[in-house]
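S.K.: Quick one, entry32.pdb (PDB, C-alpha atoms):
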ATOM      1  CA  MET N   1      12.427  -3.781  -2.980
ATOM      2  CA  LEU N   2      12.859  -4.125   0.763
ATOM      3  CA  HIS N   3      10.224  -2.379   2.812
ATOM      4  CA  VAL N   4      12.000  -1.200   5.944
ATOM      5  CA  GLU N   5      10.018   0.550   8.645
ATOM      6  CA  ILE N   6      11.029   4.031   9.719
ATOM      7  CA  LEU N   7      10.388   5.163  13.284
ATOM      8  CA  LEU N   8       8.463   8.411  13.493
ATOM      9  CA  TRP N   9      10.314   9.407  16.657
ATOM     10  CA  PRO N  10      13.683   7.567  16.811
ATOM     11  CA  ASP N  11      14.279   8.832  20.348
ATOM     12  CA  GLY N  12      10.847   7.782  21.598
ATOM     13  CA  ALA N  13       7.289   8.851  20.829
ATOM     14  CA  PRO N  14       5.385  11.364  22.965
ATOM     15  CA  LEU N  15       3.351   9.622  25.684
ATOM     16  CA  ALA N  16       5.225   6.349  25.048
ATOM     17  CA  LYS N  17       5.038   3.790  27.858
ATOM     18  CA  GLY N  18       7.961   1.654  26.675
ATOM     19  CA  THR N  19      10.259   0.888  23.764
ATOM     20  CA  THR N  20       8.641  -2.171  22.148
ATOM     21  CA  PRO N  21       7.348  -1.948  18.551
ATOM     22  CA  GLU N  22       3.854  -1.312  19.942
ATOM     23  CA  ASP N  23       5.223   1.740  21.761
ATOM     24  CA  SER N  24       7.060   2.970  18.665
ATOM     25  CA  PRO N  25       4.917   4.251  15.778
ATOM     26  CA  ALA N  26       6.500   3.810  12.363
ATOM     27  CA  ILE N  27       5.851   3.993   8.621
ATOM     28  CA  THR N  28       6.791   1.358   6.066
ATOM     29  CA  PRO N  29       7.361   2.865   2.587
ATOM     30  CA  TYR N  30       6.150   1.305  -0.664
ATOM     31  CA  LEU N  31       7.620   3.658  -3.238
ATOM     32  CA  VAL N  32       7.129   3.874  -6.980
ATOM     33  CA  GLU N  33       9.952   5.011  -9.238
ATOM     34  CA  GLY N  34      10.338   8.580 -10.401
ATOM     35  CA  LYS N  35       9.915  12.049  -8.971
ATOM     36  CA  ASN N  36       6.982  14.276  -8.089
ATOM     37  CA  ASN N  37       4.774  11.274  -7.315
ATOM     38  CA  SER N  38       1.606  11.323  -5.258
ATOM     39  CA  ALA N  39       1.609   9.413  -1.970
ATOM     40  CA  ILE N  40      -0.958   8.040   0.464
ATOM     41  CA  ILE N  41      -0.526   7.027   4.112
ATOM     42  CA  ILE N  42      -2.496   3.888   4.988
ATOM     43  CA  CYS N  43      -4.077   3.167   8.381
ATOM     44  CA  PRO N  44      -5.321  -0.436   8.714
ATOM     45  CA  GLY N  45      -8.331  -1.091  10.920
ATOM     46  CA  GLY N  46      -8.688  -3.186  14.057
ATOM     47  CA  GLY N  47     -10.967  -1.409  16.512
ATOM     48  CA  TYR N  48      -8.030   0.481  18.089
ATOM     49  CA  ALA N  49      -6.977  -2.909  19.501
ATOM     50  CA  ARG N  50      -4.797  -4.159  16.621
ATOM     51  CA  ARG N  51      -3.935  -3.390  12.989
ATOM     52  CA  ALA N  52      -5.152  -5.761  10.272
ATOM     53  CA  HIS N  53      -2.390  -6.844   7.878
ATOM     54  CA  HIS N  54      -4.763  -7.353   4.940
ATOM     55  CA  GLU N  55      -5.645  -3.652   5.126
ATOM     56  CA  GLY N  56      -1.977  -2.619   4.980
ATOM     57  CA  GLU N  57       0.545  -4.091   2.563
ATOM     58  CA  PRO N  58      -1.967  -5.382  -0.045
ATOM     59  CA  VAL N  59      -3.504  -1.919  -0.233
ATOM     60  CA  ALA N  60      -0.066  -0.318  -0.581
ATOM     61  CA  LYS N  61       0.686  -2.637  -3.498
ATOM     62  CA  TRP N  62      -2.634  -1.733  -5.142
ATOM     63  CA  LEU N  63      -1.757   1.967  -4.858
ATOM     64  CA  ASN N  64       1.667   1.233  -6.337
ATOM     65  CA  SER N  65      -0.056  -0.500  -9.280
ATOM     66  CA  ILE N  66      -1.799   2.771 -10.189
ATOM     67  CA  GLY N  67       1.381   4.810  -9.770
ATOM     68  CA  ILE N  68       0.998   6.104  -6.210
ATOM     69  CA  SER N  69       3.600   5.666  -3.480
ATOM     70  CA  ALA N  70       2.274   4.410  -0.156
ATOM     71  CA  PHE N  71       3.255   4.300   3.498
ATOM     72  CA  VAL N  72       1.666   1.846   5.925
ATOM     73  CA  LEU N  73       1.398   3.432   9.359
ATOM     74  CA  ARG N  74       1.885   1.495  12.563
ATOM     75  CA  TYR N  75      -0.108   3.768  14.826
ATOM     76  CA  ARG N  76      -0.567   3.125  18.525
ATOM     77  CA  VAL N  77      -3.562   1.124  19.738
ATOM     78  CA  ALA N  78      -4.835  -0.016  23.156
ATOM     79  CA  PRO N  79      -3.716   0.391  25.857
ATOM     80  CA  TYR N  80      -2.825   3.704  24.204
ATOM     81  CA  GLN N  81      -5.745   6.101  23.958
ATOM     82  CA  TYR N  82      -6.528   9.479  22.406
ATOM     83  CA  PRO N  83      -4.582  11.456  21.249
ATOM     84  CA  CYS N  84      -1.760   8.979  20.531
ATOM     85  CA  ALA N  85      -3.005   7.643  17.186
ATOM     86  CA  LEU N  86      -3.745  11.201  16.031
ATOM     87  CA  LEU N  87      -0.232  12.322  17.002
ATOM     88  CA  ASP N  88       1.138   9.344  15.059
ATOM     89  CA  ILE N  89      -0.631  10.101  11.781
ATOM     90  CA  GLN N  90       0.114  13.819  12.081
ATOM     91  CA  ARG N  91       3.790  12.999  12.544
ATOM     92  CA  ALA N  92       3.692  10.569   9.608
ATOM     93  CA  ILE N  93       2.228  13.244   7.333
ATOM     94  CA  ARG N  94       4.831  15.785   8.417
ATOM     95  CA  MET N  95       7.688  13.284   8.049
ATOM     96  CA  VAL N  96       6.716  12.241   4.523
ATOM     97  CA  ARG N  97       6.493  15.915   3.577
ATOM     98  CA  TYR N  98       9.903  16.559   5.140
ATOM     99  CA  ARG N  99      11.461  13.660   3.234
ATOM    100  CA  SER N 100       9.457  14.201   0.064
ATOM    101  CA  ASN N 101      12.495  14.899  -2.112
ATOM    102  CA  GLU N 102      14.199  11.735  -0.850
ATOM    103  CA  TYR N 103      11.061   9.689  -1.551
ATOM    104  CA  GLY N 104      10.357  11.253  -4.957
ATOM    105  CA  ILE N 105       7.068  12.688  -3.700
ATOM    106  CA  ASN N 106       5.240  15.953  -4.311
ATOM    107  CA  PRO N 107       4.603  17.244  -0.750
ATOM    108  CA  ASN N 108       1.366  18.828  -1.954
ATOM    109  CA  LYS N 109       0.014  15.487  -3.193
ATOM    110  CA  LEU N 110      -0.097  13.565   0.061
ATOM    111  CA  GLY N 111      -3.308  11.879   1.156
ATOM    112  CA  ALA N 112      -4.435   9.375   3.763
ATOM    113  CA  LEU N 113      -6.518   6.181   3.552
ATOM    114  CA  GLY N 114      -8.007   4.215   6.410
ATOM    115  CA  PHE N 115     -10.218   1.226   7.111
ATOM    116  CA  SER N 116     -12.704   0.991   9.999
ATOM    117  CA  ALA N 117     -10.934   2.362  13.120
ATOM    118  CA  GLY N 118      -8.058   3.274  10.812
ATOM    119  CA  GLY N 119     -10.649   5.304   8.933
ATOM    120  CA  HIS N 120     -11.342   7.096  12.202
ATOM    121  CA  VAL N 121      -7.626   7.885  12.519
ATOM    122  CA  VAL N 122      -7.632   9.301   8.980
ATOM    123  CA  ALA N 123     -10.882  11.226   9.435
ATOM    124  CA  THR N 124      -9.479  12.726  12.630
ATOM    125  CA  ALA N 125      -6.359  13.811  10.734
ATOM    126  CA  GLY N 126      -8.646  15.451   8.188
ATOM    127  CA  THR N 127     -10.658  17.350  10.790
ATOM    128  CA  THR N 128      -7.903  18.107  13.331
ATOM    129  CA  PHE N 129      -4.755  19.487  11.743
ATOM    130  CA  ASP N 130      -2.422  22.459  11.875
ATOM    131  CA  THR N 131       0.028  24.273   9.619
ATOM    132  CA  GLY N 132       3.025  23.352  11.765
ATOM    133  CA  ASP N 133       4.986  24.985  14.548
ATOM    134  CA  LYS N 134       7.312  27.463  12.847
ATOM    135  CA  ASN N 135       9.251  27.915  16.119
ATOM    136  CA  SER N 136       9.944  24.206  16.655
ATOM    137  CA  LYS N 137      13.539  23.035  16.871
ATOM    138  CA  ASP N 138      12.459  19.898  15.006
ATOM    139  CA  PRO N 139      12.226  20.748  11.280
ATOM    140  CA  ILE N 140       9.612  18.024  10.769
ATOM    141  CA  ASP N 141       7.239  19.716  13.214
ATOM    142  CA  LYS N 142       7.396  22.943  11.214
ATOM    143  CA  LEU N 143       5.367  21.369   8.404
ATOM    144  CA  SER N 144       1.610  21.036   7.939
ATOM    145  CA  SER N 145      -0.202  17.917   9.155
ATOM    146  CA  ARG N 146      -3.151  18.390   6.766
ATOM    147  CA  PRO N 147      -3.698  15.551   4.271
ATOM    148  CA  GLU N 148      -4.708  16.742   0.788
ATOM    149  CA  LEU N 149      -7.429  14.107   0.452
ATOM    150  CA  LEU N 150      -9.066  11.319   2.470
ATOM    151  CA  ILE N 151     -10.125   7.795   1.514
ATOM    152  CA  LEU N 152     -12.412   6.306   4.172
ATOM    153  CA  CYS N 153     -13.290   2.620   3.888
ATOM    154  CA  TYR N 154     -16.193   1.511   6.131
ATOM    155  CA  PRO N 155     -14.911   4.084   8.649
ATOM    156  CA  VAL N 156     -15.712   4.669  12.272
ATOM    157  CA  ILE N 157     -16.775   8.334  12.316
ATOM    158  CA  THR N 158     -18.887   9.003  15.396
ATOM    159  CA  MET N 159     -18.559   7.767  18.968
ATOM    160  CA  ARG N 160     -22.251   8.310  19.690
ATOM    161  CA  GLU N 161     -25.331   6.134  19.324
ATOM    162  CA  PRO N 162     -27.056   5.012  17.147
ATOM    163  CA  PHE N 163     -24.030   4.414  14.897
ATOM    164  CA  LEU N 164     -21.510   3.637  17.622
ATOM    165  CA  HIS N 165     -18.841   0.942  17.329
ATOM    166  CA  SER N 166     -18.403   0.375  21.055
ATOM    167  CA  GLY N 167     -15.076  -1.466  20.800
ATOM    168  CA  SER N 168     -13.383   1.460  19.079
ATOM    169  CA  LYS N 169     -14.847   3.913  21.566
ATOM    170  CA  ASP N 170     -13.839   1.889  24.625
ATOM    171  CA  ASN N 171     -10.281   1.438  23.358
ATOM    172  CA  LEU N 172      -9.833   5.049  22.254
ATOM    173  CA  ILE N 173     -11.512   7.090  24.996
ATOM    174  CA  GLY N 174     -12.985   4.630  27.503
ATOM    175  CA  SER N 175     -16.625   3.740  28.062
ATOM    176  CA  THR N 176     -17.564   6.915  29.983
ATOM    177  CA  PRO N 177     -15.705   9.887  28.482
ATOM    178  CA  ASP N 178     -16.676  13.448  29.314
ATOM    179  CA  GLU N 179     -18.484  15.516  26.686
ATOM    180  CA  GLU N 180     -15.433  17.614  25.808
ATOM    181  CA  LEU N 181     -13.402  14.527  24.910
ATOM    182  CA  LEU N 182     -16.326  12.981  23.064
ATOM    183  CA  LYS N 183     -16.629  16.043  20.829
ATOM    184  CA  LYS N 184     -12.964  15.742  19.873
ATOM    185  CA  VAL N 185     -13.435  12.249  18.436
ATOM    186  CA  CYS N 186     -16.831  12.583  16.704
ATOM    187  CA  ASN N 187     -15.509  13.554  13.312
ATOM    188  CA  ASP N 188     -18.870  14.368  11.768
ATOM    189  CA  GLU N 189     -19.070  17.194  14.309
ATOM    190  CA  ARG N 190     -15.650  18.562  13.315
ATOM    191  CA  VAL N 191     -16.041  18.945   9.544
ATOM    192  CA  THR N 192     -15.298  22.435   8.190
ATOM    193  CA  VAL N 193     -14.783  24.005   4.777
ATOM    194  CA  GLU N 194     -11.085  23.117   5.186
ATOM    195  CA  THR N 195     -11.712  19.369   5.519
ATOM    196  CA  PRO N 196     -10.029  17.669   2.536
ATOM    197  CA  PRO N 197     -11.972  16.153  -0.390
ATOM    198  CA  THR N 198     -13.087  12.666   0.626
ATOM    199  CA  PHE N 199     -13.864   9.295  -0.959
ATOM    200  CA  LEU N 200     -16.072   7.050   1.190
ATOM    201  CA  TRP N 201     -17.276   3.499   0.730
ATOM    202  CA  HIS N 202     -19.289   1.190   2.966
ATOM    203  CA  THR N 203     -21.693  -1.735   2.742
ATOM    204  CA  SER N 204     -25.314  -1.123   3.651
ATOM    205  CA  ASP N 205     -25.545  -4.207   5.878
ATOM    206  CA  ASP N 206     -22.234  -3.760   7.757
ATOM    207  CA  ALA N 207     -22.996  -5.421  11.075
ATOM    208  CA  SER N 208     -20.010  -4.002  12.972
ATOM    209  CA  VAL N 209     -19.652  -0.372  11.927
ATOM    210  CA  PRO N 210     -23.038   0.911  10.722
ATOM    211  CA  VAL N 211     -23.194   2.575   7.322
ATOM    212  CA  GLY N 212     -24.631   5.591   9.139
ATOM    213  CA  ASN N 213     -21.045   6.566   9.963
ATOM    214  CA  SER N 214     -20.244   7.229   6.312
ATOM    215  CA  LEU N 215     -23.609   8.855   5.694
ATOM    216  CA  LEU N 216     -23.093  11.243   8.630
ATOM    217  CA  PHE N 217     -19.680  12.303   7.375
ATOM    218  CA  ALA N 218     -20.934  12.771   3.801
ATOM    219  CA  GLN N 219     -23.828  14.876   5.079
ATOM    220  CA  GLU N 220     -21.461  17.210   6.925
ATOM    221  CA  LEU N 221     -19.103  17.425   3.950
ATOM    222  CA  ASN N 222     -22.103  18.433   1.850
ATOM    223  CA  LYS N 223     -23.126  21.113   4.368
ATOM    224  CA  ASN N 224     -19.617  22.560   4.206
ATOM    225  CA  LYS N 225     -19.394  22.327   0.395
ATOM    226  CA  VAL N 226     -16.465  19.879   0.521
ATOM    227  CA  LEU N 227     -16.403  17.657  -2.564
ATOM    228  CA  PHE N 228     -16.851  13.949  -1.894
ATOM    229  CA  ASP N 229     -17.601  10.583  -3.480
ATOM    230  CA  LEU N 230     -19.876   8.210  -1.550
ATOM    231  CA  HIS N 231     -20.285   4.571  -2.580
ATOM    232  CA  VAL N 232     -22.569   2.224  -0.632
ATOM    233  CA  PHE N 233     -22.622  -1.425  -1.696
ATOM    234  CA  ALA N 234     -25.666  -3.560  -0.930
ATOM    235  CA  LYS N 235     -24.060  -6.427   0.947
ATOM    236  CA  GLY N 236     -20.716  -7.323   2.482
ATOM    237  CA  ARG N 237     -19.274  -8.157   5.844
ATOM    238  CA  HIS N 238     -17.167  -5.678   7.774
ATOM    239  CA  GLY N 239     -13.410  -5.643   7.249
ATOM    240  CA  LEU N 240     -13.230  -6.706   3.604
ATOM    241  CA  GLY N 241     -10.177  -4.631   2.679
ATOM    242  CA  LEU N 242      -9.663  -4.954  -1.067
ATOM    243  CA  ALA N 243     -12.596  -7.425  -0.994
ATOM    244  CA  ASP N 244     -10.908 -10.052  -3.162
ATOM    245  CA  GLY N 245     -13.419 -12.707  -4.144
ATOM    246  CA  GLU N 246     -16.400 -10.389  -3.594
ATOM    247  CA  GLU N 247     -17.568  -9.730  -7.136
ATOM    248  CA  HIS N 248     -19.571  -6.624  -6.300
ATOM    249  CA  VAL N 249     -17.696  -4.967  -3.443
ATOM    250  CA  SER N 250     -14.220  -5.555  -4.909
ATOM    251  CA  THR N 251     -15.063  -3.016  -7.602
ATOM    252  CA  TRP N 252     -14.633  -0.172  -5.079
ATOM    253  CA  THR N 253     -11.084   0.364  -6.295
ATOM    254  CA  ASN N 254     -12.376   1.337  -9.769
ATOM    255  CA  PRO N 255     -14.292   4.484  -8.789
ATOM    256  CA  CYS N 256     -11.573   5.242  -6.255
ATOM    257  CA  THR N 257      -8.974   5.212  -9.028
ATOM    258  CA  THR N 258     -11.034   7.528 -11.222
ATOM    259  CA  TRP N 259     -11.611   9.815  -8.219
ATOM    260  CA  LEU N 260      -7.857   9.923  -7.590
ATOM    261  CA  LYS N 261      -7.406  10.878 -11.261
ATOM    262  CA  PHE N 262     -10.040  13.595 -10.835
ATOM    263  CA  ASN N 263      -7.956  14.939  -7.939
ATOM    264  CA  ASN N 264      -4.724  14.769 -10.000
ATOM    265  CA  PHE N 265      -3.200  12.032  -7.810
ATOM    266  CA  VAL N 266      -2.830   9.594 -10.732
TER     267      VAL N 266
END
Since I need it in another form, could you write the structure as structure tokens?

M.R.:
Amino acid sequence: MLHVEILLWPDGAPLAKGTTPEDSPAITPYLVEGKNNSAIIICPGGGYARRAHHEGEPVAKWLNSIGISAFVLRYRVAPYQYPCALLDIQRAIRMVRYRSNEYGINPNKLGALGFSAGGHVVATAGTTFDTGDKNSKDPIDKLSSRPELLILCYPVITMREPFLHSGSKDNLIGSTPDEELLKKVCNDERVTVETPPTFLWHTSDDASVPVGNSLLFAQELNKNKVLFDLHVFAKGRHGLGLADGEEHVSTWTNPCTTWLKFNNFV
């Protein structure tokens, strides 16, 4: 099957500075056969400076192997800053819902998965969403941007010390943001009872994005009685993706699959 990207805004994205691919957020579908399937939007990591290929297509193919359709999101990165990436994933969620019949997808079984800074994009979508603008002339914008579940893989969660990943912060909001902006991008501070169920995994010795990011988010989910899975592996470098060749860490897909079954996505 050909995997052809679909522009989220064919006539140009909001806040776009040009018309190159990097100015034009898009999704690439990886669909499984049938109707009423679950689907997950994937956000690769890259510190808001790039998007890592090994955290995109290979992950989509893994989801396909367990019967879930996937969409790899090309969200905007530096020099684009907040809220561009958030607008991109919100639009992707709405678009997949709008085209759900065409894609053979149940619009109520649509989740999001992200790695590292892509995990920050996904966590932001899960803590900053709306039910849609019923008065919009664009039918896509009338739909909800809330994902039904989140999968966060060694995610960036906070933009504060002591768990800060400075590269992501600098690219997303600059090195000296005001407090109001900072609060908008510290996702542990934005968790509510409406935050979707979440699966998190991290390695305890991650030298780039401290494991404290996942622990903070899990703590806030617990406070708000949102169900979550949290898996912390002893050792493993940052950015492993599916972690092929890592005997211990590569097993993360097993509990994730059973968690997806628990949530009726498989």

S.K.: Near Ile41 of chain N, counting all atoms listed in the file, which residues have an atom at most 7 Å away, once you skip same-chain residues fewer than 5 positions from it, shown as a list in words?

M.R.: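 In the requested format, the answer is Ala70, Phe71, Val72, Leu73, Gly111, Ala112 and Leu113 of chain N.
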
S.K.: Of the candidates N:Gly132, N:Pro58, N:Gly167, N:Gly118, which shows the shortest atom-to-atom distance to Tyr154 of chain N, using all atoms listed in the file?

M.R.: N:Gly118

S.K.: Between atom CA of Val122 of chain N and atom CA of Ile89 of chain N, measure the distance and give it in Å to one decimal.

M.R.: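 Calculated distance between atom CA of Val122 of chain N and atom CA of Ile89 of chain N is 7.6 Å.
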
S.K.: Here's the selection I'm unsure about, the PyMOL selection byres ((chain N and resi 246) around 12); applied to the file above, which residues does it give, as a VMD selection string?

M.R.: chain N and resid 203 233 to 237 240 to 245 247 to 252

S.K.: Which residues come within 7 Å of His231 of chain N, counting all atoms listed in the file, excluding same-chain residues fewer than 3 positions away, as number ranges by chain?

M.R.: N: 200-202

S.K.: Please produce an output containing C-alpha atoms for each residue in the selection, written as a compact mmCIF listing (two decimals), in the frame of the given file.

M.R.:
# COMPACT_ATOMS: atom_id res chain seq x y z
CA LEU N 200 -16.07 7.05 1.19
CA TRP N 201 -17.28 3.50 0.73
CA HIS N 202 -19.29 1.19 2.97

S.K.: Quick one: apply the PyMOL selection byres ((chain N and resi 2-15) around 12) to the file and drop the selected residues here as JSON, numbers by chain.

M.R.: {"N": [1, 16, 17, 18, 19, 20, 21, 22, 23, 24, 25, 26, 27, 28, 29, 30, 31, 57, 60, 61, 70, 71, 72, 73, 74, 75, 76, 79, 80, 81, 82, 83, 84, 85, 86, 87, 88, 89, 90, 91, 92, 93, 94, 95, 96, 98, 99, 138, 140, 141]}

S.K.: Of the candidates N:Gly67, N:Gly114, N:Gly34, N:Pro196, which one gets nearest to Gly239 of chain N if we count all atoms listed in the file?

M.R.: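 Distance minimum relative to Gly239 of chain N lands on N:Gly114.
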
S.K.: What is the atom CA of Val185 of chain N to atom CA of Phe228 of chain N distance in Å?

M.R.: 20.7 Å

S.K.: Please provide as a PDB file with C-alpha atoms, keeping the file's coordinate frame all residues within 8 Å of Phe129 of chain N, with the sequence filter that same-chain residues fewer than 3 positions apart are discarded (counting all atoms listed in the file).

M.R.:
ATOM      1  CA  GLN N  90       0.114  13.819  12.081  1.00  0.00           C
ATOM      2  CA  ALA N 125      -6.359  13.811  10.734  1.00  0.00           C
ATOM      3  CA  GLY N 126      -8.646  15.451   8.188  1.00  0.00           C
ATOM      4  CA  SER N 144       1.610  21.036   7.939  1.00  0.00           C
ATOM      5  CA  SER N 145      -0.202  17.917   9.155  1.00  0.00           C
ATOM      6  CA  ARG N 146      -3.151  18.390   6.766  1.00  0.00           C
TER       7      ARG N 146
END

S.K.: Between atom CA of Glu102 of chain N and atom CA of Ile40 of chain N, measure the distance and give it in Å to one decimal.

M.R.: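 Between these atoms lies a distance of 15.7 Å.
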
S.K.: Evaluate the PyMOL selection byres ((chain N and resi 123) around 8) and record the selected residues as a ChimeraX atom specification, following the chain and residue labels used in the document.

M.R.: /N:119-122,124-127,150,152,157,187
